[in-house]
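Peer 1: Quick one, my_file.csv (CSV, C-alpha atoms):
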```csv
chain,number,residue,atom,x,y,z
A,1,MET,CA,58.9,169.0,128.3
A,2,ARG,CA,60.9,166.8,126.0
A,3,LYS,CA,63.1,168.6,123.5
A,4,LEU,CA,62.4,168.1,119.8
A,5,MET,CA,66.1,167.9,119.1
A,6,ALA,CA,68.0,165.0,120.6
A,7,ALA,CA,71.4,163.5,120.3
A,8,PRO,CA,72.1,162.2,116.7
A,9,ALA,CA,71.9,158.5,115.9
A,10,PRO,CA,75.3,156.8,116.4
A,11,ALA,CA,77.3,156.6,113.2
A,12,LEU,CA,77.8,152.9,113.5
A,13,LEU,CA,74.1,152.3,113.8
A,14,THR,CA,73.2,154.3,110.7
A,15,SER,CA,76.0,152.5,108.7
A,16,LEU,CA,74.6,149.1,109.7
A,17,LEU,CA,71.1,150.2,108.7
A,18,ALA,CA,72.3,151.4,105.3
A,19,ALA,CA,74.0,148.2,104.5
A,20,PRO,CA,71.7,145.6,102.7
A,21,GLY,CA,71.7,142.2,104.3
A,22,PRO,CA,68.7,139.9,104.0
A,23,SER,CA,68.8,136.5,105.6
A,24,GLY,CA,71.6,134.4,104.1
A,25,HIS,CA,73.2,137.5,102.5
A,26,GLU,CA,74.4,139.4,105.6
A,27,GLU,CA,78.0,140.0,104.4
A,28,ALA,CA,77.8,143.8,104.1
A,29,PRO,CA,76.5,144.7,107.6
A,30,ALA,CA,78.6,141.9,109.1
A,31,LYS,CA,81.7,143.4,107.6
A,32,ILE,CA,80.9,146.8,109.2
A,33,TRP,CA,80.1,145.1,112.5
A,34,ARG,CA,83.3,143.1,112.6
A,35,GLU,CA,85.5,146.1,111.6
A,36,ALA,CA,84.0,148.1,114.5
A,37,ALA,CA,84.4,145.3,116.9
A,38,SER,CA,88.1,144.7,116.0
A,39,SER,CA,89.2,147.9,117.8
A,40,PHE,CA,88.4,146.5,121.3
A,41,ALA,CA,87.5,142.7,121.1
A,42,ASP,CA,88.6,139.4,119.7
A,43,VAL,CA,86.6,139.0,116.5
A,44,SER,CA,85.6,135.7,114.9
A,45,SER,CA,82.9,134.2,112.7
A,46,ASP,CA,81.3,130.8,111.9
A,47,THR,CA,80.4,129.1,108.7
A,48,LEU,CA,76.8,130.4,108.8
A,49,GLY,CA,78.1,134.0,108.8
A,50,SER,CA,77.4,135.0,112.4
A,51,SER,CA,79.9,137.3,114.0
A,52,PHE,CA,81.4,137.3,117.5
A,53,ALA,CA,83.2,140.0,119.5
A,54,ARG,CA,84.7,138.6,122.8
A,55,VAL,CA,85.8,140.9,125.6
A,56,ARG,CA,87.8,138.7,128.0
A,57,ALA,CA,87.8,139.0,131.7
A,58,ALA,CA,90.3,136.3,133.0
A,59,ASP,CA,91.3,132.7,132.3
A,60,GLY,CA,88.4,130.4,133.1
A,61,ALA,CA,85.8,133.1,133.3
A,62,PRO,CA,82.2,132.1,132.4
A,63,THR,CA,80.6,133.6,129.3
A,64,LEU,CA,77.7,136.0,128.9
A,65,ALA,CA,76.4,136.0,125.3
A,66,VAL,CA,74.6,139.1,124.2
A,67,VAL,CA,72.8,138.2,120.9
A,68,GLY,CA,71.2,140.5,118.3
A,69,HIS,CA,70.4,139.2,114.8
A,70,ILE,CA,71.9,141.2,112.0
A,71,ASP,CA,69.8,139.9,109.1
A,72,GLU,CA,66.7,141.6,107.7
A,73,ILE,CA,63.7,140.6,105.7
A,74,GLY,CA,64.0,140.8,101.9
A,75,LEU,CA,63.2,139.2,98.6
A,76,ALA,CA,64.7,136.9,96.0
A,77,ILE,CA,64.3,136.7,92.2
A,78,THR,CA,62.5,133.5,91.1
A,79,ASN,CA,62.1,134.1,87.3
A,80,VAL,CA,63.0,136.4,84.5
A,81,GLU,CA,60.0,136.9,82.3
A,82,GLU,CA,60.2,137.3,78.5
A,83,SER,CA,59.3,141.0,79.0
A,84,GLY,CA,62.3,141.5,81.2
A,85,LEU,CA,60.2,141.9,84.3
A,86,LEU,CA,61.2,139.8,87.3
A,87,SER,CA,59.1,137.5,89.4
A,88,PHE,CA,60.1,137.2,93.1
A,89,THR,CA,59.4,135.7,96.5
A,90,THR,CA,60.0,137.0,99.9
A,91,ILE,CA,62.7,136.2,102.4
A,92,GLY,CA,61.0,136.3,105.8
A,93,GLY,CA,57.6,137.8,106.6
A,94,ILE,CA,56.5,140.6,104.2
A,95,ALA,CA,52.9,141.4,103.4
A,96,ALA,CA,52.4,141.9,99.7
A,97,GLU,CA,50.6,145.2,100.1
A,98,THR,CA,53.7,146.7,101.8
A,99,LEU,CA,55.8,146.1,98.6
A,100,ILE,CA,53.6,147.9,96.0
A,101,GLY,CA,55.3,151.0,94.7
A,102,GLN,CA,58.5,150.4,96.6
A,103,ARG,CA,62.0,150.8,95.2
A,104,VAL,CA,64.3,147.9,95.8
A,105,GLU,CA,68.0,147.2,95.7
A,106,LEU,CA,69.0,143.9,94.2
A,107,LEU,CA,72.4,142.4,95.2
A,108,THR,CA,73.9,141.0,92.0
A,109,ARG,CA,77.3,139.8,90.9
A,110,ASN,CA,77.8,143.1,89.2
A,111,GLY,CA,76.8,145.2,92.3
A,112,THR,CA,73.7,146.9,93.4
A,113,LEU,CA,70.8,147.0,90.9
A,114,HIS,CA,67.8,149.2,91.5
A,115,GLY,CA,64.3,148.4,90.6
A,116,ALA,CA,60.6,149.1,91.4
A,117,VAL,CA,57.9,146.8,92.6
A,118,ALA,CA,54.6,147.1,90.8
A,119,ARG,CA,51.2,145.4,90.7
A,120,LYS,CA,49.8,144.0,87.5
A,121,ARG,CA,47.1,146.1,86.0
A,122,LEU,CA,43.6,145.1,87.0
A,123,ALA,CA,40.2,146.1,85.8
A,124,PRO,CA,38.0,148.0,88.4
A,125,GLU,CA,35.8,144.9,89.0
A,126,GLN,CA,38.9,142.8,89.7
A,127,PHE,CA,40.0,145.2,92.4
A,128,ARG,CA,36.6,144.7,94.1
A,129,ASP,CA,37.1,141.0,94.0
A,130,ARG,CA,40.7,141.0,95.1
A,131,PRO,CA,41.3,144.1,97.3
A,132,ARG,CA,44.4,142.6,98.9
A,133,PRO,CA,47.3,141.8,96.5
A,134,GLU,CA,49.2,138.6,96.5
A,135,LEU,CA,52.8,138.1,95.6
A,136,SER,CA,51.8,136.6,92.3
A,137,ASP,CA,50.2,140.0,91.4
A,138,LEU,CA,53.5,141.7,91.8
A,139,HIS,CA,56.7,142.1,89.7
A,140,ILE,CA,60.0,144.0,89.8
A,141,ASP,CA,60.9,146.3,86.9
A,142,ILE,CA,64.6,147.0,86.5
A,143,GLY,CA,64.2,148.9,83.2
A,144,ALA,CA,65.3,145.9,81.0
A,145,LYS,CA,64.0,145.7,77.4
A,146,ASP,CA,63.5,142.0,77.4
A,147,ARG,CA,64.6,138.7,79.0
A,148,GLU,CA,68.0,138.7,77.3
A,149,ASP,CA,68.7,142.2,78.5
A,150,ALA,CA,67.6,141.4,82.1
A,151,GLU,CA,69.7,138.3,82.3
A,152,GLN,CA,72.8,140.4,81.7
A,153,LEU,CA,72.0,142.2,84.9
A,154,VAL,CA,70.4,139.8,87.3
A,155,ARG,CA,70.3,136.0,88.0
A,156,VAL,CA,67.5,133.9,89.5
A,157,GLY,CA,68.2,133.7,93.2
A,158,ASP,CA,69.7,137.2,93.6
A,159,ALA,CA,68.3,138.7,96.8
A,160,GLY,CA,67.3,142.3,97.6
A,161,VAL,CA,65.9,144.7,100.1
A,162,TRP,CA,63.8,147.9,100.2
A,163,SER,CA,65.6,151.0,99.3
A,164,GLY,CA,65.9,153.8,101.8
A,165,VAL,CA,68.4,155.5,104.1
A,166,PRO,CA,67.8,156.0,107.8
A,167,VAL,CA,66.0,159.3,108.6
A,168,GLU,CA,66.2,161.0,112.0
A,169,LEU,CA,62.9,162.5,113.2
A,170,PRO,CA,62.1,164.9,116.0
A,171,ASN,CA,62.3,163.8,119.6
A,172,GLY,CA,65.1,161.4,119.0
A,173,ARG,CA,63.1,159.0,116.8
A,174,LEU,CA,64.7,157.1,114.0
A,175,LEU,CA,63.0,155.9,110.8
A,176,SER,CA,64.5,153.1,108.7
A,177,ARG,CA,64.2,149.7,107.2
A,178,ALA,CA,66.0,146.9,109.0
A,179,LEU,CA,65.6,148.3,112.5
A,180,ASP,CA,64.6,144.6,112.9
A,181,ASN,CA,67.2,143.8,114.0
A,182,ARG,CA,70.3,145.9,113.2
A,183,LEU,CA,69.2,147.6,116.4
A,184,GLY,CA,69.9,144.4,118.4
A,185,ALA,CA,73.2,143.8,116.6
A,186,TYR,CA,74.3,147.3,117.3
A,187,MET,CA,73.2,147.2,121.0
A,188,ALA,CA,75.0,143.9,121.6
A,189,LEU,CA,78.2,145.4,120.2
A,190,GLU,CA,77.9,148.7,122.0
A,191,THR,CA,77.4,146.8,125.2
A,192,ALA,CA,80.6,144.9,124.7
A,193,ARG,CA,82.5,148.1,123.8
A,194,ARG,CA,81.4,149.8,127.0
A,195,ILE,CA,82.4,146.7,129.1
A,196,ALA,CA,85.8,146.7,127.4
A,197,ASP,CA,86.3,150.3,128.2
A,198,ALA,CA,85.3,149.8,131.8
A,199,GLY,CA,87.3,146.6,132.3
A,200,ASP,CA,85.4,145.8,135.5
A,201,VAL,CA,83.4,142.6,134.9
A,202,HIS,CA,84.1,139.1,136.0
A,203,VAL,CA,82.8,137.2,133.0
A,204,ASP,CA,83.7,137.1,129.3
A,205,VAL,CA,81.2,139.1,127.3
A,206,VAL,CA,80.6,137.9,123.8
A,207,ALA,CA,78.5,140.1,121.5
A,208,VAL,CA,76.9,138.1,118.7
A,209,ALA,CA,75.6,139.4,115.4
A,210,ALA,CA,73.5,136.3,114.5
A,211,VAL,CA,72.3,135.5,111.0
A,212,GLN,CA,69.2,133.9,109.5
A,213,GLU,CA,66.8,134.8,112.3
A,214,GLU,CA,64.1,135.9,110.0
A,215,ILE,CA,63.9,132.5,108.3
A,216,GLY,CA,64.3,130.2,111.4
A,217,LEU,CA,66.5,131.5,114.2
A,218,TYR,CA,69.3,129.4,112.7
A,219,GLY,CA,72.3,131.6,113.4
A,220,ALA,CA,71.6,131.9,117.1
A,221,ARG,CA,71.1,128.2,117.4
A,222,ALA,CA,74.6,127.4,116.0
A,223,ALA,CA,76.2,130.3,117.8
A,224,ALA,CA,74.8,129.3,121.2
A,225,PHE,CA,76.0,125.7,120.7
A,226,GLY,CA,79.5,126.8,119.8
A,227,LEU,CA,79.8,129.3,122.6
A,228,ASP,CA,78.1,127.2,125.3
A,229,PRO,CA,77.6,130.3,127.5
A,230,GLN,CA,76.6,130.2,131.1
A,231,VAL,CA,73.9,132.9,130.5
A,232,ALA,CA,72.6,134.7,127.5
A,233,ILE,CA,70.6,137.9,126.7
A,234,ALA,CA,68.8,138.2,123.4
A,235,ILE,CA,68.1,141.7,122.2
A,236,ASP,CA,65.3,142.2,119.5
A,237,VAL,CA,62.6,144.6,118.5
A,238,THR,CA,58.9,144.2,119.5
A,239,PRO,CA,55.7,145.7,118.1
A,240,ALA,CA,54.8,149.0,119.9
A,241,THR,CA,51.2,149.3,121.2
A,242,ASP,CA,51.1,153.1,120.9
A,243,VAL,CA,49.6,153.1,117.4
A,244,PRO,CA,46.1,152.5,116.1
A,245,GLY,CA,45.3,148.9,116.6
A,246,GLY,CA,47.9,148.4,119.3
A,247,ASP,CA,46.7,145.9,121.9
A,248,ALA,CA,48.3,146.5,125.4
A,249,ALA,CA,45.9,143.8,126.7
A,250,ARG,CA,47.7,141.1,124.8
A,251,ALA,CA,51.3,141.5,125.9
A,252,GLY,CA,51.5,144.6,128.1
A,253,ARG,CA,52.0,148.3,127.4
A,254,ILE,CA,54.8,148.8,124.9
A,255,GLU,CA,55.5,152.4,123.9
A,256,LEU,CA,58.3,154.3,122.2
A,257,GLY,CA,60.3,156.0,125.0
A,258,MET,CA,59.4,153.5,127.7
A,259,GLY,CA,62.9,152.1,127.7
A,260,ALA,CA,64.0,148.4,127.9
A,261,MET,CA,61.2,146.0,127.6
A,262,ILE,CA,62.1,143.0,129.7
A,263,GLY,CA,60.5,139.7,128.6
A,264,ARG,CA,58.6,137.6,131.1
A,265,GLY,CA,57.4,134.1,130.1
A,266,PRO,CA,57.8,130.4,130.6
A,267,THR,CA,60.8,130.0,128.2
A,268,LEU,CA,62.8,132.8,129.8
A,269,ASN,CA,64.8,131.9,132.9
A,270,ARG,CA,63.1,133.4,135.9
A,271,LEU,CA,66.3,134.2,137.8
A,272,VAL,CA,67.8,136.0,134.8
A,273,VAL,CA,64.5,138.0,134.4
A,274,ASP,CA,64.4,138.9,138.1
A,275,LEU,CA,68.0,140.1,138.0
A,276,LEU,CA,67.4,142.2,134.9
A,277,ALA,CA,64.4,143.8,136.7
A,278,GLU,CA,66.3,144.3,139.9
A,279,VAL,CA,69.2,146.0,138.1
A,280,ALA,CA,66.9,148.2,136.1
A,281,GLU,CA,65.1,149.3,139.2
A,282,GLU,CA,68.3,150.0,141.2
A,283,GLU,CA,70.1,151.8,138.4
A,284,GLY,CA,67.1,153.9,137.5
A,285,ILE,CA,67.0,152.6,134.0
A,286,PRO,CA,63.7,153.2,132.1
A,287,HIS,CA,62.0,149.8,131.6
A,288,GLY,CA,58.8,147.9,131.3
A,289,PHE,CA,57.7,144.3,130.8
A,290,GLU,CA,56.5,142.3,127.8
A,291,ILE,CA,54.5,139.2,128.6
A,292,TYR,CA,54.7,135.9,126.7
A,293,SER,CA,52.6,132.8,127.3
A,294,ARG,CA,54.6,130.5,125.1
A,295,THR,CA,57.6,131.1,122.9
A,296,THR,CA,58.9,134.6,122.0
A,297,SER,CA,59.6,134.3,118.2
A,298,THR,CA,63.1,135.6,118.8
A,299,ASP,CA,66.6,134.1,119.1
A,300,ALA,CA,65.9,133.5,122.7
A,301,ASP,CA,63.7,130.5,121.7
A,302,GLU,CA,66.7,128.6,120.3
A,303,ILE,CA,69.3,129.8,122.8
A,304,HIS,CA,67.5,128.6,125.9
A,305,LEU,CA,67.2,125.0,124.4
A,306,THR,CA,70.9,124.7,123.4
A,307,ARG,CA,72.9,121.8,124.7
A,308,ALA,CA,71.6,121.1,128.3
A,309,GLY,CA,69.9,124.5,128.4
A,310,VAL,CA,71.2,128.1,128.6
A,311,PRO,CA,69.7,130.5,131.1
A,312,THR,CA,68.3,133.1,128.8
A,313,GLY,CA,66.7,136.6,129.1
A,314,LEU,CA,65.1,138.7,126.4
A,315,ILE,CA,65.2,142.5,126.2
A,316,SER,CA,63.2,144.2,123.4
A,317,ILE,CA,63.0,147.7,122.0
A,318,PRO,CA,59.5,149.1,121.2
A,319,THR,CA,59.3,149.6,117.4
A,320,ARG,CA,56.5,150.8,115.2
A,321,TYR,CA,55.5,149.4,111.8
A,322,LEU,CA,57.6,146.2,111.9
A,323,HIS,CA,58.4,144.4,108.7
A,324,THR,CA,57.9,147.5,106.6
A,325,PRO,CA,60.4,150.0,105.0
A,326,THR,CA,59.4,152.6,107.7
A,327,GLU,CA,60.1,151.0,111.0
A,328,MET,CA,60.5,153.5,113.8
A,329,CYS,CA,62.2,153.5,117.2
A,330,ASP,CA,63.2,155.9,120.0
A,331,LEU,CA,67.0,156.3,120.4
A,332,GLU,CA,66.6,156.8,124.2
A,333,ASP,CA,65.3,153.2,124.3
A,334,VAL,CA,68.5,152.1,122.6
A,335,GLU,CA,70.5,153.8,125.4
A,336,SER,CA,68.3,152.3,128.1
A,337,ILE,CA,68.9,148.8,126.8
A,338,VAL,CA,72.7,149.2,126.5
A,339,ARG,CA,72.8,150.6,130.0
A,340,LEU,CA,70.8,147.7,131.4
A,341,VAL,CA,72.9,144.9,129.8
A,342,VAL,CA,76.1,146.6,130.9
A,343,ALA,CA,74.8,146.9,134.5
A,344,PHE,CA,73.6,143.2,134.3
A,345,ALA,CA,77.0,142.0,133.2
A,346,LYS,CA,78.7,143.9,136.1
A,347,ARG,CA,76.4,142.0,138.6
A,348,LEU,CA,77.5,138.6,137.4
A,349,THR,CA,80.1,136.7,139.4
A,350,ARG,CA,82.3,133.8,138.4
A,351,ASP,CA,80.2,131.4,140.4
A,352,GLN,CA,76.8,132.8,139.4
A,353,SER,CA,74.1,130.1,139.3
A,354,PHE,CA,70.8,130.2,137.5
A,355,LEU,CA,69.8,126.7,138.5
A,356,ARG,CA,66.1,126.4,139.2
```
Mind turning this structure into structure tokens?
Peer 2:
Amino acid sequence: MRKLMAAPAPALLTSLLAAPGPSGHEEAPAKIWREAASSFADVSSDTLGSSFARVRAADGAPTLAVVGHIDEIGLAITNVEESGLLSFTTIGGIAAETLIGQRVELLTRNGTLHGAVARKRLAPEQFRDRPRPELSDLHIDIGAKDREDAEQLVRVGDAGVWSGVPVELPNGRLLSRALDNRLGAYMALETARRIADAGDVHVDVVAVAAVQEEIGLYGARAAAFGLDPQVAIAIDVTPATDVPGGDAARAGRIELGMGAMIGRGPTLNRLVVDLLAEVAEEEGIPHGFEIYSRTTSTDADEIHLTRAGVPTGLISIPTRYLHTPTEMCDLEDVESIVRLVVAFAKRLTRDQSFLR
């Protein structure tokens, strides 16, 4: 029987989760990530804001890129009303109903500003006609008395995120906003750290904390072009099927605690996928498979098309309640994915070929 109490969440992961960083505004978590990386890797960044931590093997060694995006979904202020209430839009995919009653943190020139999302008051018959809210029904209240007061605190274009610190639950499960995809950014960096400690790989390993995934996979596209890696692994979250409405018939059984979900599909290099599966089996690493029939809606979609093509694999972590402030994962799955990518890197040789 599994114990209710498990190892605590890594301090670096909880720090990353607590730092607000919606797409285009990733500076806070990126700073934490780079500072952690600087103790064991060569750290750099690009003009988009993506971060790189390179662990070198030897001169002329090929490169394995391990990519997890560090941005999260959020919101942006579009107008300050005469009442002092704020109109807003979303950054990335957020359903309006998930915002009602939520507290938010706005990133302003004067620091963090707290507020609450509320729905405009409707008569009972209006609720019957419009049971699902739209963004135009919502506003943010920061406690301002009027427009002039509000404009001293916030500017149009200021971004924000849901409020809430990570919470550790029984059975090693973690509840937080921004698991999508601080988890991937953390796992990429932890992979590089363990490889640096071991010092027994034949390829350069570059952990990448890519930006702007939630609005178009932009950071990964630029990062892959600049790195020109010989092989790449994208790490992201994926919707768990072990909840009401979960559909294992669509993409396979994806459950918390299953381990590393290895993507299989036409845009993922078959030789990379086969090697990941072989390594997982031989090393006894918990894993399963997630099936795609077209693209994956992850950074892997851009990486594999970069330059003349980059052999790319995708590993995902089962996550419940994606794109809400209460995303949930199993920390044992985090460990399974890190172990798998480290073992995969150790299998690579300087003359490894993924030609098909």
Peer 1: One number please: CA of Glu134 (chain A) to CA of Glu72 (chain A), in Å, one decimal.
Peer 2: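 The value is 21.0 Å.
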Peer 1: Quick one: residues within 7 Å of Val341 (chain A), only C-alpha atoms counted, chain neighbours fewer than 4 positions away excluded, as a list in words?
Peer 2: Thr191, Ile337 and Ala345 of chain A
Peer 1: Which of these residues is nearest to Ala260 (chain A), using all atoms listed in the file: A:Leu322, A:Ala7, A:Ile315, A:Leu275?
Peer 2: A:Ile315
Peer 1: Can you work out which one of A:Phe289, A:Gly216, A:Gln230, A:Gly265 has the shortest atom-to-atom distance to Gly252 (chain A), counting all atoms listed in the file?
Peer 2: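 Looking only at the distances to Gly252 (chain A), the closest residue turns out to be A:Phe289.
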Peer 1: Using Å and a single decimal, report how far CA of Ala57 (chain A) sits from CA of Phe40 (chain A).
Peer 2: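 Spanning CA of Phe40 (chain A) to CA of Ala57 (chain A) is a straight-line distance of 12.8 Å.
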Peer 1: Tell me which of A:Ile73, A:Ala61, A:Ala220, A:Ala198 sits closest to Trp162 (chain A), counting all atoms listed in the file.
Peer 2: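 The closest residue to Trp162 (chain A) is A:Ile73.
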Peer 1: Identify which of the residues A:Asp228, A:Asp299, A:Asp137, A:Asp158 lies closest to Val117 (chain A), counting only C-alpha atoms when measuring atom-to-atom distances.
Peer 2: A:Asp137
Peer 1: With all atoms listed in the file as the counted atoms, please give the residues lying no more than 9 Å from Lys346 (chain A), apart from itself and same-chain residues fewer than 2 positions off, as JSON, numbers by chain.
Peer 2: {"A": [195, 200, 201, 202, 203, 341, 342, 343, 344, 348, 349]}
Peer 1: Which one of A:Leu340, A:Ala11, A:Val55, A:Leu314 sits closest to Thr295 (chain A) if you count only C-alpha atoms?
Peer 2: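 The answer is A:Leu314, which sits nearest to Thr295 (chain A).
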Peer 1: Excluding Gly164 (chain A) and its own-chain neighbours fewer than 5 positions away, which residues fall within 12 Å of it when counting all atoms listed in the file? Please give them as a PyMOL selection string.
Peer 2: chain A and resi 14+17-20+102-105+114+175-178+324-327
